[in-house]
Amino acid sequence: MKILVTDPIADAGLERLRAAGHEVATDYEAEGAALREAIADAHGLIVRSGTEVTADLLAVAPELQIVGRAGIGVDNIDIEAATEHGVIVANAPEGNVRAAAEHTVAMAFATARSIPQAHARLTTGEWAKGEFLGAELRDKTLGVVGLGRVGQEVAKRLGSLGMELVAYDPYIGEERADQLGAELADLDETLDRADFLTIHTPLTPETEGLIGADELAQLEGGYVVNCARGGILDEAALAEAVDEGVLAGAALDVFAEEPLPDDSPLLDVEDVIVTPHLGASTAAAQENVATSTADQVLAAFDGEPVMNALNAPSMDAAAFPRVKPYIELAETAGRIAYQLFDGHVNAVEVEYAGDIADEEVDLVTASALKGVFRPIESQVNAVNAAGIAEDRGIEVRETKRSGAEDFTSLVTVTVHNDDESLSVCGTLFAGDDPRIVRIDGFRVDAIPGGRMIVSRNTDEPGVIGLIGSVMGEYDINIAGMYNARQTIGGEAMTVYNVDQQVPEEAREKLESDERVIETRYISLADE
Ligand SMILES: NC(=O)C1=CN([C@@H]2O[C@H](COP(=O)(O)OP(=O)(O)OC[C@H]3O[C@@H](n4cnc5c(N)ncnc54)[C@H](O)[C@@H]3O)[C@@H](O)[C@H]2O)C=CC1
Ligand SMILES: O=C(O)C(=O)COP(=O)(O)O
């Protein structure tokens with residue numbers, strides 16, 4: 001497989017991919033046409049914040065299975081478009097949290113004590129001791145906007161230095177805030193009370209422009225630190241507020257446009273200090289995120305759950321071996337159900353019975369949908385199957401029950417429309433040997449695979465012979481068969497495994513015999 005890496009990541013991550021036998025192509029400058037060309041045959045893409053992964057770029061990456069983000073923020077990745085293309089997006093949400101928190105603390109001190117400004121004066125020969133009178137953090141109030149992973153680490157560190165903590169985060173529980181010694185408040189109160197405001201939300205439509213001129217005015221006399229994302233804070237308003245002395249200072253690591261343009265008003269204001277998006281730039285953080293991202297890419301290639309996938313069902317690594325064989329079984333049952341069903345599907349139901357009902361089955365359900373949609377959507381996979389169902393107005397139901405008759409576990413895929421439905425039920429013999437044990441109410445014992453003919457006929461002598469001789473006439477070898485009937489002399493279902501494709505003509509010939517009610521050719525082969 002080919003993995004394209006378009007932002008610098010630590011060697012440990014690149015090595016992990018190469019050691020697994022993959023081709024790793026690094027191109028940190030690629031843009032426009034060159035980037036589109038480089039991604040055309042890539043199976044994996046690894047980025048940091050420097051690459052915009054747009055819908056247009058994803059459209060020219062037909063082989064792509066995963067975009068790995070070696071870091072936290074994914075605002076540079078069009079996740080919706082990736083989902084539509086069936087591409088997993090996974091980030092590394094843990095590895096650089098400490099680095100980002102430490103940088104935030106460093107920036108808070110740097111602005112409070114004007115360290116960069118004083119350094120600049122001294123290196124140009126000026127001993128400007130009398131011009132810098134800083135602020136202490138102790139006994140001041142820290143307003144934290146976004147009390148997630150980084151925000152909490154910042155709160156712990158600055159809280160331990162004697163700052164009062166007030167936090168605005170509508171999605172965090174009171175209890176967690178209490179444990180950190182932080183008081184939850186709305187944004188207004190947070191701004192009114194804070195001496196230092198630190199921002200730690202992702203950039204989303206909701207947070208874009210969250211801190212504008214009015215909010216900065218509320219923080220009068222205070223300091224702002226932003227090590228989260230540009231765009232959350234209005235840069236022009238900030239430059240003006242600091243320049244006019246409404247705020248004492250600001251420290252920014254991130255910008256609406258990166259690299260920060262030379263003509264940014266932020267660069268003209270003495271008390272706005274800036275770093276070029278260095279929050280995650282420590283050796284330890286880079287090694288963490290690079291190796292974690294490499295692991296996600298390798299898991300995706302191996303068809304294993306991608307732990308930090310943002311747009312695909314994920315699952316506990318310890319449970320995966322138990323669930324894995326059902327993933328394929330469910331896809332097979334979905335494929336058979338769709339091919340046997342005559343007509344439009346408007347609902348798909350996946351029922352789990354027995355031991356499998358105790359497991360996390362999101363991946364199995366996605367796989368059943370993949371099986372159903374495969375003939376109608378060429379690019380369907382576990383990432384986009386649920387979205388495809390939604391786009392097509394197909395209802396998806398997942399049910400569980402404890403008993404599984406004589407089996408350890410059963411997975412039943414039922415396709416429905418308003419008038420009828422058809423179920424295909426599968427199990428695993430000896431833990432991993434897939435069997436179809438019920439089709440549309442008939443108890444069968446069919447080994448799913450390759451090509452199959454499913455015949456419904458009357459249960460009377462000579463029918464099996466008829467099917468055998470018609471198959472012989474068309475040079476079709478029967479590899480196996482299973483016959484089931486509801487009552488003696490009633491309706492029977494026969495499932496044949498065959499080695500060759502079955503032409504329409506052969507089926508017509510069978511169906512012209514009055515004893516044969518209907519035949520269906522099912523292919524699980526890629527033909
Ligand atoms: N400067 C740098 O190099 C780095 C920057 N980051 C950035 O730091 C930010 C925080 O990262 P994490 O803490 O890992 O994310 P997280 O997802 O753990 O936490 C974000 C928090 O923001 C809260 N939030 C979301 N919308 C909100 C809203 N409208 N108002 C208030 N709170 C809201 C969430 O509830 C959550 O608690 C992200 O933007 C990330 O990209 C992270 C690492 C390095
Ligand atoms: O992880 C994040 O969200 C960061 O902002 C770090 O960005 P970077 O990987 O240094 O481009």
# chains A, B, ... in the order shown; residues from 1 in each chain; ligands from 1
call {"tool": "residues_around", "arguments": {"residues": "Thr83 of chain A", "least_positions_apart": "2", "cutoff": "10 Å", "atoms": "only C-alpha atoms", "output": "count of residues only"}}
result
20
call {"tool": "residues_around", "arguments": {"residues": "Ala330 of chain A", "least_positions_apart": "5", "cutoff": "8 Å", "atoms": "only C-alpha atoms", "output": "MDAnalysis selection string"}}
result
chainID A and resid 364:365 367:368 371 411:413 426
call {"tool": "write_last_selection", "arguments": {"atoms": "C-alpha atoms", "output": "short mmCIF file (atom, residue, chain, number, x, y, z; two decimals), in the first residue's frame"}}
result
data_model
loop_
_atom_site.label_atom_id
_atom_site.label_comp_id
_atom_site.auth_asym_id
_atom_site.auth_seq_id
_atom_site.Cartn_x
_atom_site.Cartn_y
_atom_site.Cartn_z
CA VAL A 364 -21.27 -5.70 12.07
CA THR A 365 -24.40 -3.71 11.23
CA SER A 367 -21.03 -4.52 7.26
CA ALA A 368 -24.53 -5.96 6.74
CA GLY A 371 -23.60 -6.27 1.74
CA VAL A 411 -27.15 -12.78 12.80
CA THR A 412 -30.26 -12.18 10.68
CA VAL A 413 -30.42 -9.58 7.95
CA GLY A 426 -26.33 -16.90 9.43
#
call {"tool": "atom_distance", "arguments": {"atom1": "atom CA of Pro259 of chain A", "atom2": "atom CA of Ala40 of chain A"}}
result
26.5 Å
call {"tool": "closest_residue", "arguments": {"among": "A:Pro170, A:Pro62, A:Pro503, A:Gly151", "to": "Ser378 of chain A", "atoms": "only C-alpha atoms"}}
result
A:Pro62
call {"tool": "select_by_dssp", "arguments": {"residues": "segment 339-402 of chain A", "states": "strand (DSSP E or B)", "output": "ChimeraX atom specification"}}
result
/A:347-354,395-401
call {"tool": "closest_residue", "arguments": {"among": "A:Arg322, A:Arg456, A:Arg374, A:His277", "to": "ligand 1", "atoms": "only C-alpha atoms and all ligand atoms"}}
result
A:His277
call {"tool": "residues_around", "arguments": {"residues": "Asn497 of chain A", "least_positions_apart": "2", "cutoff": "9 Å", "atoms": "only C-alpha atoms", "output": "ChimeraX atom specification"}}
result
/A:446-454,477-482,495,499
call {"tool": "residues_near_ligand", "arguments": {"ligand": "ligand 2", "cutoff": "7 Å", "atoms": "only C-alpha atoms and all ligand atoms", "output": "ChimeraX atom specification"}}
result
/A:48-50,70-73,96,228,277-281
call {"tool": "atom_distance", "arguments": {"atom1": "atom CA of Glu511 of chain A", "atom2": "atom CA of Gly465 of chain A"}}
result
14.2 Å
call {"tool": "residues_around", "arguments": {"residues": "Val67 of chain A", "least_positions_apart": "3", "cutoff": "10 Å", "atoms": "only C-alpha atoms", "output": "JSON list (two decimals) with N, CA and C atoms, in the first residue's frame"}}
result
[["chain", "number", "residue", "atom", "x", "y", "z"],
["A", 3, "ILE", "N", 1.39, 5.14, 1.25],
["A", 3, "ILE", "CA", 0.94, 6.15, 2.20],
["A", 3, "ILE", "C", 1.63, 7.47, 1.85],
["A", 4, "LEU", "N", 0.82, 8.46, 1.59],
["A", 4, "LEU", "CA", 1.36, 9.78, 1.28],
["A", 4, "LEU", "C", 1.33, 10.61, 2.56],
["A", 5, "VAL", "N", 2.48, 11.22, 2.88],
["A", 5, "VAL", "CA", 2.57, 12.05, 4.10],
["A", 5, "VAL", "C", 2.87, 13.47, 3.65],
["A", 43, "HIS", "N", -3.17, 4.90, -0.80],
["A", 43, "HIS", "CA", -4.18, 4.18, -0.02],
["A", 43, "HIS", "C", -4.38, 4.84, 1.35],
["A", 44, "GLY", "N", -3.34, 5.57, 1.77],
["A", 44, "GLY", "CA", -3.43, 6.28, 3.04],
["A", 44, "GLY", "C", -2.84, 7.67, 2.88],
["A", 45, "LEU", "N", -3.37, 8.62, 3.65],
["A", 45, "LEU", "CA", -2.82, 9.98, 3.65],
["A", 45, "LEU", "C", -2.62, 10.38, 5.10],
["A", 46, "ILE", "N", -1.44, 10.93, 5.41],
["A", 46, "ILE", "CA", -1.21, 11.43, 6.77],
["A", 46, "ILE", "C", -0.92, 12.92, 6.69],
["A", 47, "VAL", "N", -1.64, 13.69, 7.51],
["A", 47, "VAL", "CA", -1.48, 15.14, 7.51],
["A", 47, "VAL", "C", -1.37, 15.66, 8.94],
["A", 53, "VAL", "N", -7.52, 19.03, 3.41],
["A", 53, "VAL", "CA", -8.05, 17.83, 2.75],
["A", 53, "VAL", "C", -9.49, 18.15, 2.33],
["A", 58, "LEU", "N", -10.26, 14.70, -2.25],
["A", 58, "LEU", "CA", -10.74, 13.32, -2.01],
["A", 58, "LEU", "C", -11.33, 12.72, -3.29],
["A", 64, "LEU", "N", -8.00, 5.74, -1.84],
["A", 64, "LEU", "CA", -7.78, 6.16, -0.45],
["A", 64, "LEU", "C", -8.71, 5.45, 0.54],
["A", 70, "ALA", "N", -2.15, 13.45, 12.30],
["A", 70, "ALA", "CA", -1.17, 13.27, 13.37],
["A", 70, "ALA", "C", -1.27, 14.45, 14.33],
["A", 77, "ILE", "N", -9.92, 19.13, 7.50],
["A", 77, "ILE", "CA", -10.31, 17.93, 6.75],
["A", 77, "ILE", "C", -11.82, 17.95, 6.54],
["A", 79, "ILE", "N", -14.60, 16.13, 6.61],
["A", 79, "ILE", "CA", -14.96, 14.79, 7.09],
["A", 79, "ILE", "C", -16.21, 14.29, 6.37],
["A", 82, "ALA", "N", -15.17, 12.98, 3.11],
["A", 82, "ALA", "CA", -14.44, 11.72, 3.30],
["A", 82, "ALA", "C", -15.44, 10.58, 3.54],
["A", 87, "VAL", "N", -14.01, 7.08, 3.08],
["A", 87, "VAL", "CA", -12.64, 7.20, 3.62],
["A", 87, "VAL", "C", -12.71, 7.48, 5.12],
["A", 88, "ILE", "N", -11.99, 6.69, 5.89],
["A", 88, "ILE", "CA", -11.94, 6.90, 7.35],
["A", 88, "ILE", "C", -11.12, 8.15, 7.64],
["A", 89, "VAL", "N", -11.56, 8.94, 8.60],
["A", 89, "VAL", "CA", -10.72, 10.02, 9.11],
["A", 89, "VAL", "C", -10.45, 9.71, 10.58],
["A", 90, "ALA", "N", -9.18, 9.66, 10.94],
["A", 90, "ALA", "CA", -8.83, 9.34, 12.33],
["A", 90, "ALA", "C", -7.78, 10.34, 12.80],
["A", 91, "ASN", "N", -7.89, 10.76, 14.05],
["A", 91, "ASN", "CA", -6.88, 11.69, 14.58],
["A", 91, "ASN", "C", -6.12, 11.02, 15.73],
["A", 293, "THR", "N", -0.84, 7.62, 14.87],
["A", 293, "THR", "CA", -1.48, 7.75, 13.55],
["A", 293, "THR", "C", -1.07, 6.59, 12.64],
["A", 296, "GLN", "N", -3.16, 3.67, 13.38],
["A", 296, "GLN", "CA", -4.54, 3.76, 12.85],
["A", 296, "GLN", "C", -4.57, 3.40, 11.37],
["A", 297, "VAL", "N", -3.54, 3.87, 10.65],
["A", 297, "VAL", "CA", -3.48, 3.57, 9.21],
["A", 297, "VAL", "C", -3.32, 2.06, 9.01],
["A", 300, "ALA", "N", -6.54, 0.25, 9.64],
["A", 300, "ALA", "CA", -7.50, 0.41, 8.53],
["A", 300, "ALA", "C", -7.13, -0.54, 7.39],
["A", 309, "ALA", "N", -11.20, 6.66, 14.90],
["A", 309, "ALA", "CA", -11.94, 7.05, 13.70],
["A", 309, "ALA", "C", -13.03, 8.04, 14.09]]
call {"tool": "closest_residue", "arguments": {"among": "A:Val274, A:Val350, A:Ala177, A:Val289", "to": "Asn308 of chain A", "atoms": "only C-alpha atoms"}}
result
A:Val289
call {"tool": "select_by_dssp", "arguments": {"residues": "segment 13-189 of chain A", "states": "alpha helix (DSSP H)", "output": "PyMOL selection string"}}
result
chain A and resi 13-19+32-39+55-59+79-84+97-112+115-123+149-160+174-179+187-189
call {"tool": "atom_distance", "arguments": {"atom1": "atom CA of Gly354 of chain A", "atom2": "atom CA of Thr399 of chain A"}}
result
11.8 Å
call {"tool": "residues_around", "arguments": {"residues": "Val97 of chain A", "least_positions_apart": "3", "cutoff": "10 Å", "atoms": "only C-alpha atoms", "output": "PyMOL selection string"}}
result
chain A and resi 71-72+92-94+100-103+148-154+279-280+285
call {"tool": "write_last_selection", "arguments": {"atoms": "N, CA and C atoms", "output": "PDB file, in the first residue's frame"}}
result
ATOM      1  N   GLY A  71      -2.350  14.478  15.071  1.00  0.00           N
ATOM      2  CA  GLY A  71      -2.628  15.571  15.991  1.00  0.00           C
ATOM      3  C   GLY A  71      -4.114  15.577  16.272  1.00  0.00           C
ATOM      4  N   ILE A  72      -4.621  16.704  16.792  1.00  0.00           N
ATOM      5  CA  ILE A  72      -5.997  16.735  17.274  1.00  0.00           C
ATOM      6  C   ILE A  72      -6.971  17.386  16.288  1.00  0.00           C
ATOM      7  N   ALA A  92      -5.257  11.789  16.369  1.00  0.00           N
ATOM      8  CA  ALA A  92      -4.475  11.274  17.502  1.00  0.00           C
ATOM      9  C   ALA A  92      -4.788  12.196  18.676  1.00  0.00           C
ATOM     10  N   PRO A  93      -5.895  11.930  19.382  1.00  0.00           N
ATOM     11  CA  PRO A  93      -6.418  12.927  20.316  1.00  0.00           C
ATOM     12  C   PRO A  93      -5.665  13.048  21.636  1.00  0.00           C
ATOM     13  N   GLU A  94      -4.725  12.158  21.897  1.00  0.00           N
ATOM     14  CA  GLU A  94      -4.081  12.177  23.218  1.00  0.00           C
ATOM     15  C   GLU A  94      -2.652  12.715  23.171  1.00  0.00           C
ATOM     16  N   ALA A 100       0.459  20.867  24.196  1.00  0.00           N
ATOM     17  CA  ALA A 100      -0.388  22.045  23.941  1.00  0.00           C
ATOM     18  C   ALA A 100      -0.672  22.787  25.247  1.00  0.00           C
ATOM     19  N   ALA A 101      -0.894  22.021  26.320  1.00  0.00           N
ATOM     20  CA  ALA A 101      -1.186  22.661  27.613  1.00  0.00           C
ATOM     21  C   ALA A 101       0.051  23.418  28.120  1.00  0.00           C
ATOM     22  N   GLU A 102       1.207  22.809  27.988  1.00  0.00           N
ATOM     23  CA  GLU A 102       2.430  23.484  28.471  1.00  0.00           C
ATOM     24  C   GLU A 102       2.697  24.748  27.663  1.00  0.00           C
ATOM     25  N   HIS A 103       2.448  24.663  26.351  1.00  0.00           N
ATOM     26  CA  HIS A 103       2.673  25.861  25.528  1.00  0.00           C
ATOM     27  C   HIS A 103       1.714  26.974  25.951  1.00  0.00           C
ATOM     28  N   GLY A 148     -12.035  20.792  27.609  1.00  0.00           N
ATOM     29  CA  GLY A 148     -11.805  19.426  27.133  1.00  0.00           C
ATOM     30  C   GLY A 148     -10.438  18.943  27.568  1.00  0.00           C
ATOM     31  N   ARG A 149      -9.810  18.140  26.723  1.00  0.00           N
ATOM     32  CA  ARG A 149      -8.535  17.545  27.127  1.00  0.00           C
ATOM     33  C   ARG A 149      -7.476  18.596  27.433  1.00  0.00           C
ATOM     34  N   VAL A 150      -7.257  19.514  26.471  1.00  0.00           N
ATOM     35  CA  VAL A 150      -6.215  20.518  26.679  1.00  0.00           C
ATOM     36  C   VAL A 150      -6.659  21.510  27.759  1.00  0.00           C
ATOM     37  N   GLY A 151      -7.900  21.955  27.670  1.00  0.00           N
ATOM     38  CA  GLY A 151      -8.407  22.933  28.641  1.00  0.00           C
ATOM     39  C   GLY A 151      -8.258  22.427  30.069  1.00  0.00           C
ATOM     40  N   GLN A 152      -8.524  21.150  30.280  1.00  0.00           N
ATOM     41  CA  GLN A 152      -8.410  20.582  31.638  1.00  0.00           C
ATOM     42  C   GLN A 152      -6.958  20.562  32.109  1.00  0.00           C
ATOM     43  N   GLU A 153      -6.060  20.220  31.190  1.00  0.00           N
ATOM     44  CA  GLU A 153      -4.638  20.179  31.587  1.00  0.00           C
ATOM     45  C   GLU A 153      -4.129  21.584  31.917  1.00  0.00           C
ATOM     46  N   VAL A 154      -4.619  22.559  31.174  1.00  0.00           N
ATOM     47  CA  VAL A 154      -4.235  23.951  31.456  1.00  0.00           C
ATOM     48  C   VAL A 154      -4.811  24.360  32.815  1.00  0.00           C
ATOM     49  N   GLY A 279       2.227  24.673  19.390  1.00  0.00           N
ATOM     50  CA  GLY A 279       1.673  23.991  20.563  1.00  0.00           C
ATOM     51  C   GLY A 279       2.027  22.517  20.644  1.00  0.00           C
ATOM     52  N   ALA A 280       2.028  21.843  19.509  1.00  0.00           N
ATOM     53  CA  ALA A 280       2.271  20.393  19.524  1.00  0.00           C
ATOM     54  C   ALA A 280       3.730  20.053  19.231  1.00  0.00           C
ATOM     55  N   ALA A 285       5.665  14.805  21.964  1.00  0.00           N
ATOM     56  CA  ALA A 285       4.327  14.875  21.365  1.00  0.00           C
ATOM     57  C   ALA A 285       4.363  14.391  19.926  1.00  0.00           C
TER      58      ALA A 285
END
call {"tool": "closest_residue", "arguments": {"among": "A:Glu518, A:Glu258, A:Glu31, A:Asp475", "to": "ligand 1", "atoms": "only C-alpha atoms and all ligand atoms"}}
result
A:Glu258
